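J.: First, the structure itself, so that you have it in front of you.
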2 protein chains.
Amino acid sequence: MEPRTYPEFSIRYPLLLTTLMHRPVSLKPDETGVVYRNPDTGQYFRFTWRQWYERTCRLANALTALGVQPGRPGQPGDRVATMALNHHRHLELYYAASCTGAVLHAVNTRLSLDHIVHTVKHAEDKVVFFDDSTLPLLETIAERVAPPVEKFVYMGDEAEKPDTKITPVYSYEALLAEQPPEYEWPHLDEDTYATLCYTTGTTGAPKGAMFTHRQLYLMIMHQMAHASFDASPAVMPLGESSIIMINVPLFHVHGWGVPYSSVFGASKVVLPGRFTPQGFCELVATEKVTNTNLVPTMLAMLIEFPDLGKYDLSSLVHISVGGGALPLGLKAKAEQMIPGFTATSAYGMTETAPSTVRSFITRHLKDLPQEKLDEYTVKTGLPLPGIRVEVVDEENKPVPHDDETIGEIVIRGPWVMEEYYRDPERTAEVWRDGWFHTGDVARVDEQGYITIADRVTDVIRSGSEMVPTVLLENLTATADCVLEAAYVGVPDPIWGERPLGIIKLVPGATEREEDICRFLKVEGVEKGRITRWMLPDFMLITDDIPKTSVGKYDKIAIKKRLDEFLAKARSVREL
Amino acid sequence: MEPRTYPEFSIRYPLLLTTLMHRPVSLKPDETGVVYRNPDTGQYFRFTWRQWYERTCRLANALTALGVQPGRPGQPGDRVATMALNHHRHLELYYAASCTGAVLHAVNTRLSLDHIVHTVKHAEDKVVFFDDSTLPLLETIAERVAPPVEKFVYMGDEAEKPDTKITPVYSYEALLAEQPPEYEWPHLDEDTYATLCYTTGTTGAPKGAMFTHRQLYLMIMHQMAHASFDASPAVMPLGESSIIMINVPLFHVHGWGVPYSSVFGASKVVLPGRFTPQGFCELVATEKVTNTNLVPTMLAMLIEFPDLGKYDLSSLVHISVGGGALPLGLKAKAEQMIPGFTATSAYGMTETAPSTVRSFITRHLKDLPQEKLDEYTVKTGLPLPGIRVEVVDEENKPVPHDDETIGEIVIRGPWVMEEYYRDPERTAEVWRDGWFHTGDVARVDEQGYITIADRVTDVIRSGSEMVPTVLLENLTATADCVLEAAYVGVPDPIWGERPLGIIKLVPGATEREEDICRFLKVEGVEKGRITRWMLPDFMLITDDIPKTSVGKYDKIAIKKRLDEFLAKARSVREL
């Protein structure tokens, strides 16, 4: 007998998304695993785990047939782009693309057209999977992205091709029908790249962050282990006990990891296409959803939905809120209107895949009076287990835990991206002294709870999206009549923040606020430089723009005098 | 600016036990973290997480001072042996030894003296840490194990040395007092070896299984993630919500992982020294223990403890039972006597670190009637997430899931040992075709639940220990008067199983059962070949020992006729 060891099946057993994918089909193949409700037709699609798995196998075969090539450590496989709503096909792509060894690039279709084109070209996407929601957008940019894109696949509910000039175009369902429902998934190296996510591009073009199977697997394991740590485990019954609706777009940093954790936990996954209050309520009622994730805006829209009381939402146990701070008032109002569930907040970013900090109450604090607990609840939270999050001063030394001294949040850990894709300069800006520098400023209290104070990178958070002020400022300043333009966010009950523009005209110019807005529409929106929702809600033409000593717009000073500027500003939302 | 990436802090961030150790001290340094009750004096010792961490740092410095050298991948560091009860010092060694880069070898002091000596010599332990409980044992073997052992460290409650001829001997508390409470833990490679565990040696000398930091880290993460999967999460509130008592000896395969998961979860850890029903009840009552692990024998001793009703055990939520099957009757009786808690079973082995299979009810079964659920509960269970457990026939093909066809359990996964330490031949016997072959035989039902049917490797499970029948058989056969000797287990209400010896004498011999027993004591126990508790309870001298067609003892046939043999056998327990 020949002595043999198998490190690949023991000490070096690879951590692969493939392992997550296999669990529900081996655990309960005949249970309903994935439910999609088409938000436009209201039609439901239901799949057992076996059916979903077989569809994913067919898709893997189809990707091979389309010529998509796998990668290896240090050498990414072909990039497979998605431009799509949250539906079962998108979830199938999450696994089929990565687990064949290719790289999933879920395109953020809310970026400006220029930035969308930039990400597709920069990623060198080989195939783009799109659906009805993105067909118009894709028609606008198809010629600009081919090459690198060689093929387009239309994901409709039927096996038909859309009426479009985009070419060559394939039908997703027709491709699947042609392929066998088995696939021999490769025993990949765990350092094989699995995904490519782009930042919102607040300070220039969006940057790409690539993640390996190992990184995503470890993020998910730590997320799930974290559920064991919570002092109130009823809040986070991940896994089999939960029925999870994915409301956050799947193009937002791995849908915050839920497409992975829900499948690994063999939770029933509910996909609403896009978030609408009515669709949300209907799906909670029909599918008995227990857990979901929302951005603050979605939660605000929900509690303003007049028909909320007509639905049975009693199955809801927990809503995780991220993509922006969770105001205590919003949390309280939501918990009052939907009895029996809890909303908690989380923090992360594209470069951290994204989970890093979660608000939860540790055991030794849980007996504090409710008002004290509420104070902790609205803090950003504590680091997830397994990742190091520090708040440091300019010499990279941790700030005192006095809840006052501010510093920059720096992170290291198994699921932090190694480098920006093909961008060593910007990588070197954020990776310094062995720490990833987030650009977010925070303070830390005695118990270690972190509270984000401000963002070094200037940005307006509108809904789940970030308005890059520099983009608006640069665009506005291209108008002949404009001398200077500064944008800040003003609080908005629905969106969190909306942009206020403060404009200084060139001497002698007589333009008014509506002229500037018209310019932004024609030169910005219509030419794909910004999207419609980035247009400012308020605008003020003035000679008085506060500046710092080095001549930069002093956003802090502007915000201190925000009421004064707002009182004088013109509402341009309806223009 | 120099472009730089930091794979060691991102994509290749090492999975180290050090990360587990750091969590509670960073999360709640001033909370009580570790409690030890000396089982002989009844004295309590309490430590905050900061105190425990500082003691562990002092110990790390002491190890360095003792000359203990770290290892690197493929090259184990010096082996540090423990022969000790479950106390805070033992827990400190769990982390200090491994996290400095050395290898922890927790010696199973219930093996026969010969086997203990074998493991220490085979492991080439450099230092042995012992306490009052193991001092007599160590005095018996000290000369046989030095070399390789160079130094002995006595772990008493005070900074004194014991009255012993063992030399050179150090005082643990004195060593710690000399050292600073800080230590710069190395950023080890995750493939650095952390522990060395020996099997019970059922079929020859004990075999060593070595585990890396990565392997143990991943086992713990999957164990904790599993808590998220359970359909009744109240059963397993690991982490902060739990107060965990470690009753299983720390020398039993990483104490089933609890020393790692409880620290990572920042649960309060309660250490009873050794298990006694009275100590157990007292600690549950004073520390409000919520979770613990027991072998079936301990649970049986507990429910037979006459003073059980005098203690407040209402904090108990969950007891995990392993090291032997959990009979439904025992589970029911225990749950009736201690209201509010649940007992579930688990399966594993030394070579799998040990966690592989756990009994739990999946969500889609949880609405079955109670008697159906009970049927599932007494099955061995389902595989943990992240590890593959199959039951296969002799051609390595999975058996049908009909709950009848039996096959061998084979396993692969991130925390299965790669090879037996310095034993390529026996490694090749168990690692075949990419699967670790457990030697355990099982069947699988329609839902994938595994039930262990029998053990290929013949063994008697007495309490938490395994009596290797081959050891008894070989020893007995060395008596001049003995021709053949076969041992099987007979059911025992306390111990699970106890040995019955079936002996065939040489022609003309007139010895009786008590003569054989005296031989086993003199040649076995007194010479350290077996321990006292391995002595058989029953013995039968007969000419009728069933054999298989190839002349081996037919244990299955013996067990079928067990009542008949027992009726004729002599009770030799009290001899």
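The chains in the structure tokens are called A, B, ... from first to last as shown; in each chain the residues are counted from 1, and the ligands are counted from 1 in the order shown.
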Skipping near chain neighbours, those fewer than 5 positions away, what residues fall within 12 Å of Ala479 in chain B using only C-alpha atoms, listed as a list in words?

T.: Leu472, Glu473, Asn474, Glu484, Ala485, Ile503, Lys504, Leu505, Val506, Ala509, Glu511, Asp515, Ile516, Cys517, Arg518, Phe519, Leu520, Lys521, Val522, Glu523 and Gly524 of chain B

J.: Quick one: residues within 12 Å of Tyr311 in chain B, only C-alpha atoms counted, chain neighbours fewer than 2 positions away excluded, as a ChimeraX atom specification?

T.: /B:277-286,288,305-309,313-316,337-338

J.: Selected residues, N, CA and C atoms, written as an mmCIF file, in the first residue's frame, please.

T.:
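This went into selection-v4.cif:
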```
data_model
loop_
_atom_site.group_PDB
_atom_site.id
_atom_site.type_symbol
_atom_site.label_atom_id
_atom_site.label_comp_id
_atom_site.auth_asym_id
_atom_site.auth_seq_id
_atom_site.Cartn_x
_atom_site.Cartn_y
_atom_site.Cartn_z
ATOM 1 N N PRO B 277 -20.874 14.743 40.562
ATOM 2 C CA PRO B 277 -22.250 15.245 40.571
ATOM 3 C C PRO B 277 -22.420 16.434 41.527
ATOM 4 N N GLN B 278 -21.778 16.371 42.676
ATOM 5 C CA GLN B 278 -21.954 17.453 43.634
ATOM 6 C C GLN B 278 -21.286 18.743 43.142
ATOM 7 N N GLY B 279 -20.066 18.612 42.609
ATOM 8 C CA GLY B 279 -19.381 19.785 42.074
ATOM 9 C C GLY B 279 -20.141 20.382 40.909
ATOM 10 N N PHE B 280 -20.679 19.531 40.081
ATOM 11 C CA PHE B 280 -21.468 19.982 38.941
ATOM 12 C C PHE B 280 -22.643 20.829 39.425
ATOM 13 N N CYS B 281 -23.394 20.276 40.368
ATOM 14 C CA CYS B 281 -24.593 20.984 40.839
ATOM 15 C C CYS B 281 -24.223 22.295 41.517
ATOM 16 N N GLU B 282 -23.153 22.264 42.304
ATOM 17 C CA GLU B 282 -22.761 23.488 43.004
ATOM 18 C C GLU B 282 -22.380 24.578 42.008
ATOM 19 N N LEU B 283 -21.613 24.212 40.976
ATOM 20 C CA LEU B 283 -21.166 25.213 39.996
ATOM 21 C C LEU B 283 -22.322 25.725 39.144
ATOM 22 N N VAL B 284 -23.240 24.858 38.765
ATOM 23 C CA VAL B 284 -24.409 25.333 38.011
ATOM 24 C C VAL B 284 -25.148 26.371 38.848
ATOM 25 N N ALA B 285 -25.296 26.062 40.135
ATOM 26 C CA ALA B 285 -26.069 26.951 41.002
ATOM 27 C C ALA B 285 -25.354 28.279 41.240
ATOM 28 N N THR B 286 -24.041 28.229 41.511
ATOM 29 C CA THR B 286 -23.352 29.496 41.837
ATOM 30 C C THR B 286 -23.040 30.312 40.594
ATOM 31 N N LYS B 288 -24.591 29.988 37.497
ATOM 32 C CA LYS B 288 -25.714 30.089 36.557
ATOM 33 C C LYS B 288 -25.340 29.537 35.182
ATOM 34 N N PHE B 305 -27.736 11.085 41.340
ATOM 35 C CA PHE B 305 -27.196 11.818 42.486
ATOM 36 C C PHE B 305 -28.351 12.166 43.432
ATOM 37 N N PRO B 306 -28.326 11.647 44.668
ATOM 38 C CA PRO B 306 -29.504 11.805 45.537
ATOM 39 C C PRO B 306 -29.816 13.254 45.908
ATOM 40 N N ASP B 307 -28.787 14.140 45.917
ATOM 41 C CA ASP B 307 -29.019 15.524 46.343
ATOM 42 C C ASP B 307 -29.393 16.450 45.193
ATOM 43 N N LEU B 308 -29.614 15.871 44.009
ATOM 44 C CA LEU B 308 -29.857 16.696 42.823
ATOM 45 C C LEU B 308 -30.924 17.763 43.064
ATOM 46 N N GLY B 309 -32.003 17.363 43.733
ATOM 47 C CA GLY B 309 -33.129 18.275 43.918
ATOM 48 C C GLY B 309 -32.822 19.446 44.836
ATOM 49 N N LEU B 313 -30.877 24.338 39.510
ATOM 50 C CA LEU B 313 -30.266 24.058 38.209
ATOM 51 C C LEU B 313 -31.068 24.711 37.079
ATOM 52 N N SER B 314 -31.884 25.692 37.419
ATOM 53 C CA SER B 314 -32.827 26.243 36.436
ATOM 54 C C SER B 314 -32.137 27.027 35.324
ATOM 55 N N SER B 315 -30.861 27.390 35.521
ATOM 56 C CA SER B 315 -30.170 28.134 34.457
ATOM 57 C C SER B 315 -29.796 27.248 33.272
ATOM 58 N N LEU B 316 -29.762 25.922 33.469
ATOM 59 C CA LEU B 316 -29.307 25.011 32.404
ATOM 60 C C LEU B 316 -30.233 25.045 31.193
ATOM 61 N N MET B 337 -35.978 15.321 35.018
ATOM 62 C CA MET B 337 -35.470 15.671 36.341
ATOM 63 C C MET B 337 -34.937 17.089 36.426
ATOM 64 N N ILE B 338 -34.452 17.605 35.301
ATOM 65 C CA ILE B 338 -33.925 18.974 35.284
ATOM 66 C C ILE B 338 -34.743 19.754 34.266
#
```

J.: Assign secondary structure with DSSP using the backbone only, and return the residues of range 135-311 of chain B in strand (DSSP E or B) as a PyMOL selection string.

T.: chain B and resi 151-154+169-171+193-198+208-212+243-246+268-271+273+291-294

J.: With N, CA and C atoms retained, write the just-selected residues as an mmCIF file, in the first residue's frame.

T.:
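So the final result, stored in selection.cif, reads:
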```
data_model
loop_
_atom_site.group_PDB
_atom_site.id
_atom_site.type_symbol
_atom_site.label_atom_id
_atom_site.label_comp_id
_atom_site.auth_asym_id
_atom_site.auth_seq_id
_atom_site.Cartn_x
_atom_site.Cartn_y
_atom_site.Cartn_z
ATOM 1 N N LYS B 151 11.896 19.171 31.232
ATOM 2 C CA LYS B 151 11.464 19.967 32.375
ATOM 3 C C LYS B 151 10.033 19.620 32.765
ATOM 4 N N PHE B 152 9.772 19.735 34.067
ATOM 5 C CA PHE B 152 8.429 19.474 34.589
ATOM 6 C C PHE B 152 7.934 20.725 35.317
ATOM 7 N N VAL B 153 6.686 21.071 35.107
ATOM 8 C CA VAL B 153 6.133 22.256 35.764
ATOM 9 C C VAL B 153 4.900 21.846 36.558
ATOM 10 N N TYR B 154 4.931 22.189 37.842
ATOM 11 C CA TYR B 154 3.845 21.818 38.755
ATOM 12 C C TYR B 154 2.815 22.943 38.845
ATOM 13 N N VAL B 169 11.993 20.364 38.449
ATOM 14 C CA VAL B 169 10.598 20.740 38.568
ATOM 15 C C VAL B 169 10.477 22.239 38.881
ATOM 16 N N TYR B 170 9.513 22.881 38.245
ATOM 17 C CA TYR B 170 9.273 24.314 38.422
ATOM 18 C C TYR B 170 7.868 24.517 38.969
ATOM 19 N N SER B 171 7.674 25.664 39.579
ATOM 20 C CA SER B 171 6.319 26.030 40.029
ATOM 21 C C SER B 171 5.684 26.952 38.987
ATOM 22 N N TYR B 193 1.456 24.135 13.133
ATOM 23 C CA TYR B 193 0.779 23.144 13.978
ATOM 24 C C TYR B 193 0.475 23.731 15.354
ATOM 25 N N ALA B 194 -0.701 23.412 15.865
ATOM 26 C CA ALA B 194 -1.152 23.960 17.146
ATOM 27 C C ALA B 194 -1.293 22.891 18.218
ATOM 28 N N THR B 195 -1.756 21.703 17.818
ATOM 29 C CA THR B 195 -2.017 20.655 18.812
ATOM 30 C C THR B 195 -1.627 19.285 18.274
ATOM 31 N N LEU B 196 -1.426 18.375 19.218
ATOM 32 C CA LEU B 196 -1.188 16.969 18.897
ATOM 33 C C LEU B 196 -2.050 16.143 19.854
ATOM 34 N N CYS B 197 -2.963 15.363 19.276
ATOM 35 C CA CYS B 197 -3.879 14.545 20.092
ATOM 36 C C CYS B 197 -3.645 13.080 19.753
ATOM 37 N N TYR B 198 -3.683 12.238 20.760
ATOM 38 C CA TYR B 198 -3.509 10.806 20.498
ATOM 39 C C TYR B 198 -4.835 10.062 20.617
ATOM 40 N N GLY B 208 -0.986 9.509 16.780
ATOM 41 C CA GLY B 208 -1.028 10.958 16.987
ATOM 42 C C GLY B 208 -1.662 11.666 15.800
ATOM 43 N N ALA B 209 -2.562 12.601 16.101
ATOM 44 C CA ALA B 209 -3.166 13.430 15.056
ATOM 45 C C ALA B 209 -2.804 14.878 15.349
ATOM 46 N N MET B 210 -2.157 15.529 14.374
ATOM 47 C CA MET B 210 -1.710 16.899 14.588
ATOM 48 C C MET B 210 -2.624 17.844 13.826
ATOM 49 N N PHE B 211 -2.933 18.967 14.458
ATOM 50 C CA PHE B 211 -3.840 19.937 13.841
ATOM 51 C C PHE B 211 -3.193 21.318 13.781
ATOM 52 N N THR B 212 -3.489 22.030 12.696
ATOM 53 C CA THR B 212 -2.950 23.377 12.524
ATOM 54 C C THR B 212 -3.932 24.403 13.103
ATOM 55 N N ILE B 243 -23.192 30.645 29.548
ATOM 56 C CA ILE B 243 -22.155 30.423 30.552
ATOM 57 C C ILE B 243 -21.867 28.932 30.481
ATOM 58 N N ILE B 244 -20.633 28.627 30.131
ATOM 59 C CA ILE B 244 -20.320 27.270 29.697
ATOM 60 C C ILE B 244 -19.405 26.570 30.681
ATOM 61 N N MET B 245 -19.827 25.407 31.152
ATOM 62 C CA MET B 245 -18.970 24.593 32.004
ATOM 63 C C MET B 245 -18.340 23.494 31.155
ATOM 64 N N ILE B 246 -17.039 23.316 31.332
ATOM 65 C CA ILE B 246 -16.334 22.286 30.554
ATOM 66 C C ILE B 246 -16.129 21.067 31.450
ATOM 67 N N LYS B 268 -18.690 33.218 29.638
ATOM 68 C CA LYS B 268 -17.982 32.887 30.864
ATOM 69 C C LYS B 268 -17.699 31.381 30.853
ATOM 70 N N VAL B 269 -16.449 31.014 31.187
ATOM 71 C CA VAL B 269 -16.040 29.612 31.176
ATOM 72 C C VAL B 269 -15.929 29.119 32.609
ATOM 73 N N VAL B 270 -16.578 28.026 32.906
ATOM 74 C CA VAL B 270 -16.576 27.468 34.257
ATOM 75 C C VAL B 270 -15.853 26.125 34.221
ATOM 76 N N LEU B 271 -14.845 25.995 35.094
ATOM 77 C CA LEU B 271 -13.992 24.798 35.079
ATOM 78 C C LEU B 271 -14.099 24.073 36.419
ATOM 79 N N GLY B 273 -12.470 21.316 37.499
ATOM 80 C CA GLY B 273 -11.415 20.356 37.850
ATOM 81 C C GLY B 273 -11.745 19.017 37.229
ATOM 82 N N ASN B 291 -24.846 26.135 29.561
ATOM 83 C CA ASN B 291 -24.491 25.083 28.606
ATOM 84 C C ASN B 291 -23.341 24.250 29.133
ATOM 85 N N THR B 292 -23.390 22.963 28.836
ATOM 86 C CA THR B 292 -22.233 22.139 29.172
ATOM 87 C C THR B 292 -22.208 20.926 28.263
ATOM 88 N N ASN B 293 -21.152 20.179 28.364
ATOM 89 C CA ASN B 293 -21.038 18.939 27.601
ATOM 90 C C ASN B 293 -20.700 17.797 28.553
ATOM 91 N N LEU B 294 -21.281 16.673 28.288
ATOM 92 C CA LEU B 294 -21.107 15.511 29.162
ATOM 93 C C LEU B 294 -20.986 14.259 28.311
#
```

J.: For Arg214 in chain B, work out the shell of residues within 7 Å, counting only C-alpha atoms and skipping chain neighbours fewer than 6 positions away, then give it as a ChimeraX atom specification.

T.: /B:15-16,190-191

J.: Those same residues, written as a PDB file, in the first residue's frame with N, CA and C atoms?

T.:
```
ATOM      1  N   LEU B  15      -5.682  32.406   9.788  1.00  0.00           N
ATOM      2  CA  LEU B  15      -6.700  31.967  10.745  1.00  0.00           C
ATOM      3  C   LEU B  15      -5.980  31.359  11.942  1.00  0.00           C
ATOM      4  N   LEU B  16      -5.923  32.102  13.030  1.00  0.00           N
ATOM      5  CA  LEU B  16      -5.117  31.716  14.185  1.00  0.00           C
ATOM      6  C   LEU B  16      -5.959  31.638  15.449  1.00  0.00           C
ATOM      7  N   GLU B 190      -0.904  30.343   9.149  1.00  0.00           N
ATOM      8  CA  GLU B 190      -2.062  29.587   9.652  1.00  0.00           C
ATOM      9  C   GLU B 190      -1.848  28.074   9.580  1.00  0.00           C
ATOM     10  N   ASP B 191      -0.868  27.644   8.799  1.00  0.00           N
ATOM     11  CA  ASP B 191      -0.583  26.212   8.701  1.00  0.00           C
ATOM     12  C   ASP B 191       0.406  25.741   9.765  1.00  0.00           C
TER      13      ASP B 191
END
```

J.: Please provide the set of residues having any atom within 7 Å of Arg50 in chain B, restricted to only C-alpha atoms, with same-chain residues fewer than 6 positions apart removed, written as a list in words.

T.: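 Result of the neighbour search: Val25, Pro29 and Asp30 of chain B.
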
J.: Go ahead and write the selection's residues with N, CA and C atoms as a compact mmCIF listing (two decimals), in the first residue's frame.

T.:
```
# COMPACT_ATOMS: atom_id res chain seq x y z
N VAL B 25 -11.00 39.76 25.66
CA VAL B 25 -10.28 40.83 26.37
C VAL B 25 -10.50 42.17 25.67
N PRO B 29 -13.09 43.43 28.91
CA PRO B 29 -11.92 43.07 29.72
C PRO B 29 -12.21 42.93 31.21
N ASP B 30 -13.17 43.67 31.72
CA ASP B 30 -13.36 43.70 33.17
C ASP B 30 -14.46 42.78 33.67
```

J.: With a distance cut-off of 12 Å and only C-alpha atoms, select the neighbouring residues of Lys560 in chain A, excluding the residue or stretch itself and same-chain residues fewer than 4 positions from it, and output the selection as an MDAnalysis selection string.

T.: chainID A and resid 488 490 546 554:556 564:566

J.: Quick one, how far is CA of Thr192 in chain A from CA of Gly101 in chain A?

T.: 6.8 Å

J.: So which bits of range 289-352 of chain B end up helix (DSSP H, G or I) when you DSSP the backbone, as an MDAnalysis selection string?

T.: chainID B and resid 296:303 308:310 328:337 350:352

J.: Write the residues you've just listed into a file as an mmCIF file, in the first residue's frame, and include N, CA and C atoms for each of them.

T.:
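Final output, saved to result05.cif:
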```cif
data_model
loop_
_atom_site.group_PDB
_atom_site.id
_atom_site.type_symbol
_atom_site.label_atom_id
_atom_site.label_comp_id
_atom_site.auth_asym_id
_atom_site.auth_seq_id
_atom_site.Cartn_x
_atom_site.Cartn_y
_atom_site.Cartn_z
ATOM 1 N N PRO B 296 -22.238 10.240 28.266
ATOM 2 C CA PRO B 296 -23.463 9.643 28.799
ATOM 3 C C PRO B 296 -23.338 9.203 30.255
ATOM 4 N N THR B 297 -22.153 8.664 30.613
ATOM 5 C CA THR B 297 -21.964 8.211 31.991
ATOM 6 C C THR B 297 -22.132 9.333 33.002
ATOM 7 N N MET B 298 -21.580 10.504 32.668
ATOM 8 C CA MET B 298 -21.706 11.632 33.581
ATOM 9 C C MET B 298 -23.179 11.991 33.778
ATOM 10 N N LEU B 299 -23.906 11.986 32.660
ATOM 11 C CA LEU B 299 -25.328 12.322 32.747
ATOM 12 C C LEU B 299 -26.049 11.292 33.616
ATOM 13 N N ALA B 300 -25.669 10.009 33.444
ATOM 14 C CA ALA B 300 -26.292 8.953 34.251
ATOM 15 C C ALA B 300 -25.949 9.128 35.727
ATOM 16 N N MET B 301 -24.704 9.470 36.043
ATOM 17 C CA MET B 301 -24.301 9.686 37.436
ATOM 18 C C MET B 301 -25.088 10.851 38.030
ATOM 19 N N LEU B 302 -25.317 11.848 37.187
ATOM 20 C CA LEU B 302 -25.999 13.049 37.648
ATOM 21 C C LEU B 302 -27.431 12.736 38.070
ATOM 22 N N ILE B 303 -28.134 11.998 37.219
ATOM 23 C CA ILE B 303 -29.543 11.776 37.566
ATOM 24 C C ILE B 303 -29.689 10.745 38.675
ATOM 25 N N LEU B 308 -29.614 15.871 44.009
ATOM 26 C CA LEU B 308 -29.857 16.696 42.823
ATOM 27 C C LEU B 308 -30.924 17.763 43.064
ATOM 28 N N GLY B 309 -32.003 17.363 43.733
ATOM 29 C CA GLY B 309 -33.129 18.275 43.918
ATOM 30 C C GLY B 309 -32.822 19.446 44.836
ATOM 31 N N LYS B 310 -31.701 19.378 45.565
ATOM 32 C CA LYS B 310 -31.386 20.447 46.526
ATOM 33 C C LYS B 310 -30.766 21.669 45.859
ATOM 34 N N LEU B 328 -32.262 7.201 24.369
ATOM 35 C CA LEU B 328 -33.449 8.035 24.502
ATOM 36 C C LEU B 328 -33.967 8.031 25.934
ATOM 37 N N GLY B 329 -33.880 6.862 26.596
ATOM 38 C CA GLY B 329 -34.352 6.772 27.968
ATOM 39 C C GLY B 329 -33.582 7.682 28.903
ATOM 40 N N LEU B 330 -32.283 7.731 28.719
ATOM 41 C CA LEU B 330 -31.444 8.580 29.561
ATOM 42 C C LEU B 330 -31.765 10.049 29.315
ATOM 43 N N LYS B 331 -31.926 10.406 28.034
ATOM 44 C CA LYS B 331 -32.270 11.775 27.661
ATOM 45 C C LYS B 331 -33.596 12.182 28.309
ATOM 46 N N ALA B 332 -34.598 11.305 28.189
ATOM 47 C CA ALA B 332 -35.925 11.633 28.706
ATOM 48 C C ALA B 332 -35.891 11.780 30.220
ATOM 49 N N LYS B 333 -35.186 10.858 30.873
ATOM 50 C CA LYS B 333 -35.135 10.886 32.333
ATOM 51 C C LYS B 333 -34.447 12.174 32.813
ATOM 52 N N ALA B 334 -33.350 12.536 32.141
ATOM 53 C CA ALA B 334 -32.612 13.732 32.535
ATOM 54 C C ALA B 334 -33.453 14.980 32.307
ATOM 55 N N GLU B 335 -34.129 15.046 31.170
ATOM 56 C CA GLU B 335 -34.917 16.239 30.865
ATOM 57 C C GLU B 335 -36.105 16.366 31.811
ATOM 58 N N GLN B 336 -36.569 15.217 32.309
ATOM 59 C CA GLN B 336 -37.666 15.249 33.261
ATOM 60 C C GLN B 336 -37.183 15.739 34.627
ATOM 61 N N MET B 337 -35.978 15.321 35.018
ATOM 62 C CA MET B 337 -35.470 15.671 36.341
ATOM 63 C C MET B 337 -34.937 17.089 36.426
ATOM 64 N N THR B 350 -10.981 11.509 17.321
ATOM 65 C CA THR B 350 -9.717 12.235 17.447
ATOM 66 C C THR B 350 -9.268 12.800 16.111
ATOM 67 N N GLU B 351 -9.356 11.991 15.076
ATOM 68 C CA GLU B 351 -8.817 12.391 13.773
ATOM 69 C C GLU B 351 -9.606 13.522 13.127
ATOM 70 N N THR B 352 -10.805 13.830 13.656
ATOM 71 C CA THR B 352 -11.609 14.900 13.070
ATOM 72 C C THR B 352 -11.788 16.073 14.040
#
```

J.: By how many Å are CA of Pro369 in chain B and CA of Ser267 in chain A apart?

T.: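 Between these atoms lies a distance of 22.4 Å.
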
J.: Leaving out range 540-543 of chain A and any residue of its chain fewer than 4 positions from it, which residues lie within 7 Å of it when counting only C-alpha atoms, given as a tab-separated table (two decimals) with C-alpha atoms, in the first residue's frame?

T.:
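Done, and the output landed in around.tsv:
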```tsv
chain	number	residue	atom	x	y	z
A	501	GLY	CA	-25.90	73.29	-4.34
A	502	ILE	CA	-24.26	76.60	-3.36
A	503	ILE	CA	-23.17	78.40	-6.49
A	504	LYS	CA	-21.10	81.49	-7.12
A	513	GLU	CA	-31.08	78.68	-10.15
A	568	LYS	CA	-32.31	81.51	1.24
A	569	ALA	CA	-32.11	78.59	-1.21
A	570	ARG	CA	-34.59	77.82	-3.92
```

J.: Pick out the residues sitting within 7 Å of Ile166 in chain A, and hand them over as a PyMOL selection string; count only C-alpha atoms, and ignore anything fewer than 2 positions along from it in its own chain.

T.: chain A and resi 139+142+164+168-169

J.: Return the single residue from A:Gln215, A:Gln223, A:Thr200, A:Thr100 that is closest to Thr356 in chain A, with distances computed using only C-alpha atoms.

T.: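 Nearest to Thr356 in chain A: A:Gln223.
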
J.: Select, from A:Ser320, A:Thr5, A:Thr405, A:Thr510, the residue with the minimum atom-to-atom distance to chain B, counting only C-alpha atoms.

T.: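 Using only C-alpha atoms, chain B sits closest to A:Thr5.
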
J.: Taking only C-alpha atoms into account, which of A:Glu160, A:Glu418, A:Asp374, A:Asp423 comes nearest chain B?

T.: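 Closest to chain B of all the choices is A:Glu418.
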
J.: Out of A:Val572, A:Ala225, A:Leu535, A:Ile452, which residue has the shortest atom-to-atom distance to chain B when counting only C-alpha atoms?

T.: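 Checking each of A:Val572, A:Ala225, A:Leu535, A:Ile452 against chain B, counting only C-alpha atoms, the winner is A:Ala225.
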
J.: May I ask which of the residues B:Glu8, B:Asp480, B:Glu54, B:Glu178 is the closest one to chain A, counting only C-alpha atoms?

T.: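 Under the stated criterion, the closest residue is B:Glu8.
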